[in-house]
Each structure stands twice: as C-alpha cells, then as structure tokens.
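For reference, coords-v8.txt (compact mmCIF, C-alpha atoms and all ligand atoms):
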```
# COMPACT_ATOMS: atom_id res chain seq x y z
CA MET J 102 -145.38 57.06 -42.85
CA THR J 103 -142.75 54.99 -40.97
CA GLU J 104 -145.36 52.38 -40.03
CA ARG J 105 -146.52 52.14 -43.66
CA VAL J 106 -142.96 51.81 -44.94
CA ALA J 107 -142.36 48.99 -42.46
CA ARG J 108 -145.58 47.26 -43.52
CA LEU J 109 -144.65 47.36 -47.21
CA ALA J 110 -141.16 46.07 -46.40
CA ALA J 111 -142.62 43.17 -44.41
CA TRP J 112 -144.91 42.28 -47.33
CA LEU J 113 -141.97 42.40 -49.76
CA ALA J 114 -139.85 40.25 -47.46
CA ASP J 115 -142.66 37.66 -47.37
CA ALA J 116 -143.88 37.81 -50.96
CA ARG J 117 -143.64 34.77 -53.21
CA ALA J 118 -143.96 36.83 -56.44
CA ALA J 119 -143.80 40.59 -55.92
CA VAL J 120 -144.35 42.82 -58.94
CA VAL J 121 -143.62 46.55 -59.19
CA PHE J 122 -145.72 48.60 -61.62
CA THR J 123 -144.11 51.95 -62.46
CA GLY J 124 -145.16 55.14 -64.22
CA ALA J 125 -143.62 58.45 -65.15
CA GLY J 126 -143.47 59.49 -61.45
CA VAL J 127 -140.62 57.06 -60.76
CA SER J 128 -138.45 59.03 -63.20
CA THR J 129 -139.30 62.67 -62.32
CA GLU J 130 -136.45 62.69 -59.79
CA SER J 131 -134.14 61.81 -62.70
CA GLY J 132 -135.23 65.04 -64.40
CA ILE J 133 -137.76 63.54 -66.86
CA PRO J 134 -141.09 65.36 -66.47
CA ASP J 135 -144.23 63.28 -66.10
CA PHE J 136 -147.36 64.04 -68.10
CA ARG J 137 -149.85 65.28 -65.56
CA SER J 138 -147.96 67.11 -62.76
CA PRO J 139 -147.78 70.93 -63.02
CA GLY J 140 -144.96 71.77 -65.45
CA GLY J 141 -145.25 68.27 -66.93
CA VAL J 142 -145.36 67.34 -70.61
CA TRP J 143 -149.07 68.24 -71.03
CA ASP J 144 -148.35 71.83 -69.92
CA ARG J 145 -145.48 72.29 -72.35
CA PHE J 146 -146.12 70.36 -75.54
CA ASP J 147 -148.91 69.74 -78.01
CA ALA J 148 -149.96 66.14 -77.31
CA SER J 149 -151.52 65.75 -80.76
CA ALA J 150 -147.98 65.49 -82.15
CA MET J 151 -147.70 62.17 -80.30
CA THR J 152 -150.80 60.44 -81.71
CA TRP J 153 -150.69 57.43 -84.02
CA PRO J 154 -153.24 58.86 -86.51
CA ASN J 155 -151.20 62.05 -86.91
CA PHE J 156 -147.89 60.17 -87.18
CA ILE J 157 -149.08 57.63 -89.73
CA GLY J 158 -151.50 59.95 -91.52
CA SER J 159 -149.17 62.47 -93.17
CA VAL J 160 -145.58 63.58 -93.71
CA GLU J 161 -146.49 66.80 -91.90
CA GLY J 162 -147.67 64.77 -88.87
CA ARG J 163 -144.35 62.92 -88.78
CA ARG J 164 -142.43 66.19 -89.10
CA ARG J 165 -144.25 67.52 -86.01
CA TYR J 166 -143.54 64.28 -84.13
CA TRP J 167 -139.80 64.42 -84.86
CA GLU J 168 -139.63 68.16 -84.05
CA LEU J 169 -140.96 67.30 -80.60
CA GLY J 170 -138.76 64.20 -80.28
CA HIS J 171 -135.70 66.27 -81.17
CA VAL J 172 -136.34 68.30 -77.99
CA THR J 173 -137.65 65.60 -75.63
CA TYR J 174 -135.46 62.56 -76.37
CA PRO J 175 -132.14 64.24 -75.37
CA VAL J 176 -133.65 64.82 -71.89
CA ILE J 177 -134.42 61.10 -71.59
CA ARG J 178 -131.02 60.13 -72.95
CA ALA J 179 -129.16 62.37 -70.49
CA ALA J 180 -131.17 61.18 -67.48
CA ARG J 181 -129.61 58.84 -64.95
CA PRO J 182 -131.37 56.27 -62.72
CA ASN J 183 -132.37 57.68 -59.34
CA ALA J 184 -132.62 56.15 -55.87
CA ALA J 185 -136.02 54.63 -56.67
CA HIS J 186 -134.78 52.80 -59.80
CA ARG J 187 -131.75 51.58 -57.85
CA ALA J 188 -133.95 50.33 -55.00
CA VAL J 189 -136.13 48.35 -57.45
CA ALA J 190 -133.01 46.76 -58.98
CA GLU J 191 -131.66 45.94 -55.52
CA LEU J 192 -134.95 44.29 -54.52
CA HIS J 193 -134.45 41.96 -57.46
CA ARG J 194 -130.84 41.23 -56.46
CA LEU J 195 -132.12 40.31 -53.01
CA GLY J 196 -134.54 37.84 -54.60
CA ARG J 197 -137.56 39.94 -53.55
CA LEU J 198 -138.89 40.98 -56.97
CA HIS J 199 -140.38 38.80 -59.68
CA ALA J 200 -140.94 41.47 -62.36
CA CYS J 201 -141.17 45.18 -63.03
CA ILE J 202 -143.98 46.26 -65.35
CA THR J 203 -143.34 49.78 -66.56
CA GLN J 204 -145.25 52.36 -68.57
CA ASN J 205 -142.00 54.26 -68.99
CA ILE J 206 -140.01 54.43 -72.17
CA ASP J 207 -136.80 55.76 -70.63
CA ASP J 208 -134.83 52.52 -70.06
CA LEU J 209 -133.91 53.68 -66.53
CA HIS J 210 -134.87 50.44 -64.76
CA GLN J 211 -132.48 48.51 -67.00
CA ARG J 212 -129.78 51.18 -66.64
CA ALA J 213 -130.13 50.85 -62.84
CA GLY J 214 -129.17 47.19 -63.14
CA LEU J 215 -132.51 45.38 -63.36
CA PRO J 216 -132.04 42.51 -65.87
CA PRO J 217 -133.90 43.38 -69.11
CA GLU J 218 -135.82 40.10 -69.02
CA ARG J 219 -137.38 41.22 -65.72
CA VAL J 220 -138.65 44.52 -67.21
CA ILE J 221 -141.94 44.44 -69.10
CA GLU J 222 -142.27 47.63 -71.16
CA LEU J 223 -145.93 48.36 -71.91
CA HIS J 224 -145.28 51.50 -73.95
CA GLY J 225 -142.04 50.57 -75.66
CA ASN J 226 -138.57 52.05 -75.41
CA ALA J 227 -137.53 55.47 -76.69
CA ALA J 228 -133.97 54.40 -77.47
CA ARG J 229 -135.01 52.25 -80.44
CA THR J 230 -136.75 52.79 -83.78
CA ARG J 231 -137.87 50.56 -86.64
CA CYS J 232 -138.68 50.93 -90.33
CA LEU J 233 -142.37 50.16 -90.91
CA GLY J 234 -141.54 49.08 -94.47
CA CYS J 235 -138.71 46.55 -94.19
CA GLY J 236 -138.47 46.12 -90.40
CA ALA J 237 -134.85 47.33 -90.15
CA GLY J 238 -133.95 48.58 -86.67
CA PHE J 239 -132.06 51.79 -85.88
CA THR J 240 -130.96 53.26 -82.60
CA ARG J 241 -132.57 56.54 -81.65
CA ASP J 242 -129.05 58.02 -81.66
CA GLU J 243 -128.68 57.14 -85.35
CA VAL J 244 -132.01 58.77 -86.15
CA HIS J 245 -131.10 61.89 -84.17
CA ALA J 246 -127.85 62.14 -86.13
CA TRP J 247 -130.01 62.27 -89.29
CA LEU J 248 -132.21 64.94 -87.68
CA ASP J 249 -129.12 66.94 -86.66
CA ALA J 250 -127.92 66.70 -90.27
CA GLY J 251 -131.15 68.33 -91.45
CA ALA J 252 -133.57 65.46 -92.16
CA GLY J 253 -136.95 66.83 -91.07
CA VAL J 254 -138.61 63.43 -91.44
CA PRO J 255 -136.28 60.43 -91.13
CA ALA J 256 -136.64 57.76 -93.81
CA CYS J 257 -135.18 54.25 -93.89
CA PRO J 258 -131.81 54.35 -95.71
CA GLY J 259 -132.51 50.85 -97.06
CA CYS J 260 -136.05 51.07 -98.46
CA GLY J 261 -137.17 54.68 -97.91
CA GLY J 262 -139.93 53.49 -95.53
CA ILE J 263 -141.36 55.32 -92.51
CA VAL J 264 -139.09 55.17 -89.45
CA LYS J 265 -141.11 54.92 -86.26
CA PRO J 266 -139.97 55.09 -82.64
CA HIS J 267 -140.41 51.87 -80.66
CA THR J 268 -142.66 53.82 -78.26
CA VAL J 269 -146.43 53.29 -78.31
CA LEU J 270 -148.11 56.47 -79.56
CA PHE J 271 -151.51 57.64 -78.32
CA GLY J 272 -154.16 55.72 -80.22
CA GLU J 273 -151.75 52.97 -81.29
CA ALA J 274 -152.36 49.30 -80.43
CA MET J 275 -150.56 48.01 -77.37
CA PRO J 276 -147.69 45.51 -77.94
CA PRO J 277 -149.50 42.16 -77.56
CA LEU J 278 -146.56 40.20 -76.15
CA ALA J 279 -145.76 42.79 -73.45
CA MET J 280 -149.45 43.04 -72.51
CA ALA J 281 -149.79 39.26 -72.26
CA ARG J 282 -146.63 39.00 -70.13
CA ALA J 283 -147.80 41.84 -67.88
CA GLU J 284 -151.27 40.35 -67.38
CA ARG J 285 -149.75 37.00 -66.53
CA ALA J 286 -147.25 38.50 -64.07
CA ALA J 287 -150.07 40.51 -62.45
CA ARG J 288 -152.32 37.47 -62.07
CA GLU J 289 -149.48 35.38 -60.61
CA ALA J 290 -148.35 38.10 -58.21
CA ASP J 291 -149.16 37.98 -54.52
CA LEU J 292 -148.07 41.63 -54.07
CA LEU J 293 -148.25 44.44 -56.62
CA VAL J 294 -146.63 47.77 -55.77
CA VAL J 295 -147.57 50.77 -57.93
CA VAL J 296 -144.88 53.46 -57.97
CA GLY J 297 -145.36 56.91 -59.53
CA SER J 298 -148.41 56.42 -61.70
CA SER J 299 -151.62 58.41 -61.94
CA LEU J 300 -153.34 55.13 -62.93
CA VAL J 301 -155.53 56.92 -65.44
CA VAL J 302 -153.83 55.69 -68.63
CA TYR J 303 -155.61 52.63 -70.02
CA PRO J 304 -155.20 49.79 -70.83
CA ALA J 305 -152.01 49.88 -68.71
CA ALA J 306 -153.99 50.80 -65.58
CA TYR J 307 -155.93 47.52 -65.84
CA ILE J 308 -152.78 45.70 -64.71
CA PRO J 309 -153.01 46.60 -60.98
CA ARG J 310 -156.74 45.81 -61.13
CA HIS J 311 -155.99 42.34 -62.56
CA ALA J 312 -153.54 41.68 -59.72
CA ARG J 313 -156.04 42.83 -57.09
CA GLU J 314 -158.84 40.72 -58.59
CA ALA J 315 -156.55 37.66 -58.63
CA GLY J 316 -155.97 38.08 -54.89
CA ALA J 317 -152.71 40.04 -54.69
CA ARG J 318 -152.12 42.72 -52.10
CA LEU J 319 -152.07 46.15 -53.72
CA ALA J 320 -149.78 48.93 -52.45
CA ILE J 321 -149.54 52.39 -54.04
CA VAL J 322 -146.59 54.76 -53.63
CA ASN J 323 -147.50 58.05 -55.29
CA LEU J 324 -147.30 61.79 -54.63
CA THR J 325 -150.96 62.42 -55.43
CA PRO J 326 -154.22 60.45 -55.10
CA THR J 327 -155.11 57.82 -57.70
CA PRO J 328 -158.46 56.24 -58.66
CA LEU J 329 -157.32 52.93 -57.12
CA ASP J 330 -156.43 54.31 -53.66
CA GLY J 331 -159.83 53.20 -52.35
CA CYS J 332 -159.26 49.53 -53.16
CA ALA J 333 -155.55 49.45 -52.22
CA ASP J 334 -154.37 47.64 -49.09
CA LEU J 335 -151.77 50.34 -48.48
CA VAL J 336 -151.19 53.87 -49.81
CA ILE J 337 -147.95 55.74 -49.16
CA ARG J 338 -148.09 59.35 -50.21
CA GLY J 339 -144.48 60.37 -50.85
CA LYS J 340 -141.62 60.67 -53.29
CA ALA J 341 -140.51 57.40 -54.85
CA GLY J 342 -136.86 58.38 -54.31
CA ASP J 343 -137.48 58.71 -50.54
CA VAL J 344 -139.96 55.90 -49.97
CA LEU J 345 -138.34 53.04 -51.93
CA PRO J 346 -134.86 53.34 -50.38
CA ALA J 347 -136.51 53.43 -46.93
CA VAL J 348 -138.51 50.31 -47.80
CA LEU J 349 -135.37 48.62 -49.16
CA ALA J 350 -133.44 49.35 -45.94
CA LYS J 351 -136.19 47.60 -43.94
CA VAL J 352 -136.31 44.64 -46.37
CA ARG J 353 -132.55 44.24 -45.92
CA ALA J 354 -132.99 44.28 -42.16
CA TRP J 355 -135.68 41.57 -42.40
CA ALA J 356 -133.55 39.51 -44.82
CA THR J 357 -130.56 39.47 -42.46
CA ARG J 358 -132.53 38.48 -39.32
P1 LIG J 401 -148.61 60.42 -65.20
O1 LIG J 401 -147.85 61.60 -65.66
O2 LIG J 401 -150.03 60.27 -65.60
O3 LIG J 401 -148.60 60.35 -63.59
C1 LIG J 401 -147.42 60.40 -62.86
C2 LIG J 401 -147.79 60.26 -61.39
O4 LIG J 401 -146.60 60.21 -60.65
C3 LIG J 401 -148.63 61.42 -60.87
O5 LIG J 401 -149.75 60.91 -60.17
C4 LIG J 401 -147.68 62.16 -59.92
O6 LIG J 401 -148.32 62.68 -58.77
C5 LIG J 401 -146.72 61.05 -59.52
N1 LIG J 401 -145.37 61.49 -59.22
C6 LIG J 401 -144.63 62.45 -59.83
N2 LIG J 401 -143.40 62.51 -59.30
C7 LIG J 401 -143.35 61.55 -58.32
C8 LIG J 401 -142.36 61.12 -57.41
N3 LIG J 401 -141.15 61.69 -57.37
N4 LIG J 401 -142.66 60.10 -56.56
C9 LIG J 401 -143.90 59.53 -56.56
N5 LIG J 401 -144.89 59.91 -57.39
C10 LIG J 401 -144.61 60.90 -58.27
O7 LIG J 401 -147.74 59.16 -65.60
P2 LIG J 401 -148.16 57.68 -65.93
O8 LIG J 401 -149.16 57.20 -64.94
O9 LIG J 401 -146.92 56.93 -66.14
O10 LIG J 401 -148.88 57.80 -67.35
C11 LIG J 401 -148.44 58.65 -68.34
C12 LIG J 401 -147.88 58.04 -69.61
O11 LIG J 401 -146.77 58.81 -69.93
C13 LIG J 401 -147.36 56.67 -69.50
O12 LIG J 401 -148.05 55.97 -70.43
C14 LIG J 401 -145.89 56.72 -69.90
O13 LIG J 401 -145.70 55.87 -71.02
C15 LIG J 401 -145.66 58.10 -70.41
N6 LIG J 401 -144.50 58.84 -69.91
C16 LIG J 401 -143.32 58.22 -69.68
C17 LIG J 401 -142.23 58.95 -69.20
C18 LIG J 401 -140.93 58.23 -68.95
O14 LIG J 401 -140.63 57.26 -69.64
N7 LIG J 401 -140.14 58.67 -67.96
C19 LIG J 401 -142.36 60.32 -68.96
C20 LIG J 401 -143.59 60.95 -69.23
C21 LIG J 401 -144.65 60.18 -69.69
```
Could you quickly redo this structure as structure tokens?
Ligand code: NAD
Amino acid sequence: MTERVARLAAWLADARAAVVFTGAGVSTESGIPDFRSPGGVWDRFDASAMTWPNFIGSVEGRRRYWELGHVTYPVIRAARPNAAHRAVAELHRLGRLHACITQNIDDLHQRAGLPPERVIELHGNAARTRCLGCGAGFTRDEVHAWLDAGAGVPACPGCGGIVKPHTVLFGEAMPPLAMARAERAAREADLLVVVGSSLVVYPAAYIPRHAREAGARLAIVNLTPTPLDGCADLVIRGKAGDVLPAVLAKVRAWATR
C-alpha cells in the first residue's frame, strides 16, 4: 500500500492536468450511505421512487419521491466534508488538480473549499430545485419548509408548476453541459484518479474510459473491485479518507523538495 500511495503521489506531483473522478464512496465517511455497499441506499429504500418516469408521470409518483427526499436530504445537509474531500481541495490549492468530476449530489467538494468552477457535477446538486413550468429556482431548504408545513407534493408558488430537484433521476437525460465539460476534461487529462465509485453507473462511468483511451494514466482508489481495475495503471484498495491524506502528504513532500 505504501509503495502505491507513493506512486500515485509522484504521478500527481508530475501531472500537467490531473482530474479526480468521485462517486458516493468519497462521502460515506461523512455519513452519507452509498448505493451499493451493504446497508447502502439500495438496501433501505425503494429505488423506483427516484426514477424520472415515476416522478414526471403522476402526482402519486412525486409524492413518493418527496416522502423519500424528506428522509434522505437532511442526512446530506447535515454531512460535513471528510479528510478525502479536504485532500482533494488541498491538491487544487497546491496547483496539482485541474478538475474534479463528481457523480455526487452532496456539495461536499465545494464545502471542503474546492472552487465551484473546478467541480463538474454529472448528477446535479441536491441543495437546489427548479420549477419545470416557469424555471424559477428554489433552495432545497425552502422546499423542505413547505414539506414540513404539510405540502405532500411541492408546487411552484408563482405558477403552480412541478418543482423538481436539480439532481438527475434514474432514467432522466444527463445535463449536456456538465457531460461535455467532463468529457473534455477527461480527454485533456494526463492522469485520472477514480475515488469511491463502483464504476457501474453509466454514462458517468464512460468518463474514466475516455481518459484512458486518450492516453491518461488511470488510478483507482476504492474499497471494492471495479470493472475497470483490469485496465487501470494503479489500484489502491482502501478508504478514501485514509488513502487521499496519505497521498497528499507525499505530494507536499515532493512539492517542497
Ligand atoms: P456506488 O454506491 O455505486 O459505489 C460506491 C463505491 O464506493 C463502492 O464500490 C464502494 O466499495 C466504495 N466505497 C464506499 N465507501 C468507501 C470509502 N470510504 N473509500 C473508498 N471507497 C468506498 O456509487 P457511485 O459509483 O457513485 O454510483 C452511484 C450513484 O449514486 C451515483 O450516480 C451518485 O449520483 C449517487 N449517489 C450519490 C451520493 C452522494 O452524493 N453522496 C450518495 C449515494 C448515491
């Protein structure tokens, strides 16, 4: 493990355009469950409540979505960045990180101090919502105040339209601008580091493949095996909150030589 940590640090110290690609595993140590680990979201909730067809298809579908959101969003809101998020932000401060592409919706990279323009959110951000009718934006806190006051299905106060979270639901189209930015960052990267992702959710999981195909080194930091381990240049099996601070300490040592 120590040798692998040192190798990743040396690559980061040398990289011209390093990109980190994160998934739910980077935030489990902040208390937000991932989807696929034991005890994760799949074990505890009915995923059909989070699909686009169910949300858009009926008032009952939206009621089920917001019932679930009423329980899950407060966990995200209360979470704080962990050592892995802080290490990613510090890599940027040291000039060692070009961009962070994230599948997460929890805002924790930004809250750890990574400038928002460096974070590419492939699946949106849970803290924001928008009216599908008139486009008005509302914070998730505003919407939860309506839920707390008894609204089963929030409606836009201006036009009565459907209020939708900024997150990408299962079966919903990906945000084209974020996808285009992510693909470009991946193709321009000379090092892509996956952190805490099962790499089974598509199209997001194409991003590390694009980077690899364009010639970047691919490193994977994850607790469990992924389908891309076989074509990665380096795999570190460990907790993001242990591995990334150890990598950062080595990068600092290289930077001050
Ligand atoms: P996933 O649940 O499919 O996989 C998470 C991976 O992280 C697993 O392989 C697991 O072994 C690993 N992992 C868990 N804890 C770890 C740790 N401490 N250190 C290193 N690895 C760890 O997550 P995914 O690949 O991101 O895909 C699931 C989808 O779920 C994403 O699209 C994402 O939008 C969404 N999601 C987001 C959040 C969040 O915003 N925090 C939480 C749950 C799900």
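For the residues J:Val254, J:Ala237, J:Ala119, J:Ala228, ranking by smallest atom-to-atom distance to Gly162 of chain J using all atoms listed in the file places J:Val254 first.
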Open item on the list: At a cut-off of 6 Å around ligand LIG 401 (chain J), and using only C-alpha atoms and all ligand atoms, what residues come up? Please write them as a PyMOL selection string.
Closed with: chain J and resi 124-130+133-138+204-207+224+297-300+302+323-325+339-341
Saved selection, atoms kept: C-alpha atoms, as a compact mmCIF listing (two decimals), in the coordinates of the input:
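Writing done, so here's selection_14.txt:
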```
# COMPACT_ATOMS: atom_id res chain seq x y z
CA GLY J 124 -145.16 55.14 -64.22
CA ALA J 125 -143.62 58.45 -65.15
CA GLY J 126 -143.47 59.49 -61.45
CA VAL J 127 -140.62 57.06 -60.76
CA SER J 128 -138.45 59.03 -63.20
CA THR J 129 -139.30 62.67 -62.32
CA GLU J 130 -136.45 62.69 -59.79
CA ILE J 133 -137.76 63.54 -66.86
CA PRO J 134 -141.09 65.36 -66.47
CA ASP J 135 -144.23 63.28 -66.10
CA PHE J 136 -147.36 64.04 -68.10
CA ARG J 137 -149.85 65.28 -65.56
CA SER J 138 -147.96 67.11 -62.76
CA GLN J 204 -145.25 52.36 -68.57
CA ASN J 205 -142.00 54.26 -68.99
CA ILE J 206 -140.01 54.43 -72.17
CA ASP J 207 -136.80 55.76 -70.63
CA HIS J 224 -145.28 51.50 -73.95
CA GLY J 297 -145.36 56.91 -59.53
CA SER J 298 -148.41 56.42 -61.70
CA SER J 299 -151.62 58.41 -61.94
CA LEU J 300 -153.34 55.13 -62.93
CA VAL J 302 -153.83 55.69 -68.63
CA ASN J 323 -147.50 58.05 -55.29
CA LEU J 324 -147.30 61.79 -54.63
CA THR J 325 -150.96 62.42 -55.43
CA GLY J 339 -144.48 60.37 -50.85
CA LYS J 340 -141.62 60.67 -53.29
CA ALA J 341 -140.51 57.40 -54.85
```
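What separates atom CA of Val264 of chain J from atom CA of Ser131 of chain J is a distance of 28.0 Å.
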- [ ] May I ask for the distance between atom CA of Ala256 of chain J and atom CA of Met275 of chain J, given in Å to one decimal place?
- [x]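 Those two atoms sit 23.6 Å apart.
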Open item on the list: As an exercise, work out the distance from atom CA of Glu104 of chain J to atom CA of Ala312 of chain J in Å and give it to one decimal place.
Closed with: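 Between atom CA of Glu104 of chain J and atom CA of Ala312 of chain J the gap is 23.9 Å.
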Output, as lines of an AutoDock Vina configuration file, the centre and edge lengths in Å (one decimal) of the axis-aligned box that contains all listed atoms of segment 236-240 of chain J with 4 Å of margin on each side.
```
center_x = -134.7
center_y = 49.7
center_z = -86.5
size_x = 15.5
size_y = 15.1
size_z = 15.8
```
Task: Close residues, Cys332 of chain J itself excluded, 12 Å, only C-alpha atoms, min 3 positions apart in chain, as a ChimeraX atom specification - done: /J:309-310,312-314,317-321,327-329,335-336
Open item on the list: List as number ranges by chain the protein and nucleic acid residues near Ala279 of chain J, meaning an atom at most 10 Å away when all atoms listed in the file are counted, but skip any in the same chain fewer than 5 places from it.
Closed with: J: 202, 220-225, 284-285
Output C-alpha atoms for every residue in the selection just made, as a tab-separated table (two decimals), keeping the file's coordinate frame.
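Output contents, as saved in result-v6.tsv:
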```
chain	number	residue	atom	x	y	z
J	202	ILE	CA	-143.98	46.26	-65.35
J	220	VAL	CA	-138.65	44.52	-67.21
J	221	ILE	CA	-141.94	44.44	-69.10
J	222	GLU	CA	-142.27	47.63	-71.16
J	223	LEU	CA	-145.93	48.36	-71.91
J	224	HIS	CA	-145.28	51.50	-73.95
J	225	GLY	CA	-142.04	50.57	-75.66
J	284	GLU	CA	-151.27	40.35	-67.38
J	285	ARG	CA	-149.75	37.00	-66.53
```
Task: Point (-132.3, 41.4, -55.5), cut-off 12 Å, counting only C-alpha atoms, residues as an NGL selection string - done: :J and (113-114 or 119 or 187-200 or 214-216 or 219 or 349 or 352-353 or 356)
- [ ] Determine the nearest neighbour of Pro266 of chain J from the options J:Ala110, J:Cys235, J:Met151, J:Val344, counting all atoms listed in the file.
- [x] J:Met151
Task: Of the listed residues J:Ala107, J:Thr268, J:Ala252, J:Gly262, that which approaches Thr230 of chain J most closely, counting all atoms listed in the file - done: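 Smallest distance to Thr230 of chain J is found for J:Thr268.
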TODO: Using all atoms listed in the file, find all polymer residues with an atom at most 9 Å away from the point (-150.9, 56.7, -85.6); report them as a PyMOL selection string.
DONE: chain J and resi 151-158+270-273
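Nearest residue to Arg338 of chain J among J:Ala246, J:Leu233, J:Val322, J:Val295 is J:Val322, counting all atoms listed in the file.
With all atoms listed in the file as the atoms that count, the minimum distance from Pro304 of chain J to the choices J:Ala286, J:Cys260, J:Leu292, J:Ala281 is reached by J:Ala281.
For the choices J:Lys351, J:Arg231, J:Arg164, J:His210, the atom-to-atom distance to Leu248 of chain J is smallest for J:Arg164 when using only C-alpha atoms.
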Open item on the list: Show me, as a ChimeraX atom specification, the residues that have an atom within 10 Å of Asp208 of chain J when counting all atoms listed in the file, minus same-chain residues fewer than 4 positions from it.
Closed with: /J:177-178,180-182,203,212-213,217,220,222,225-228
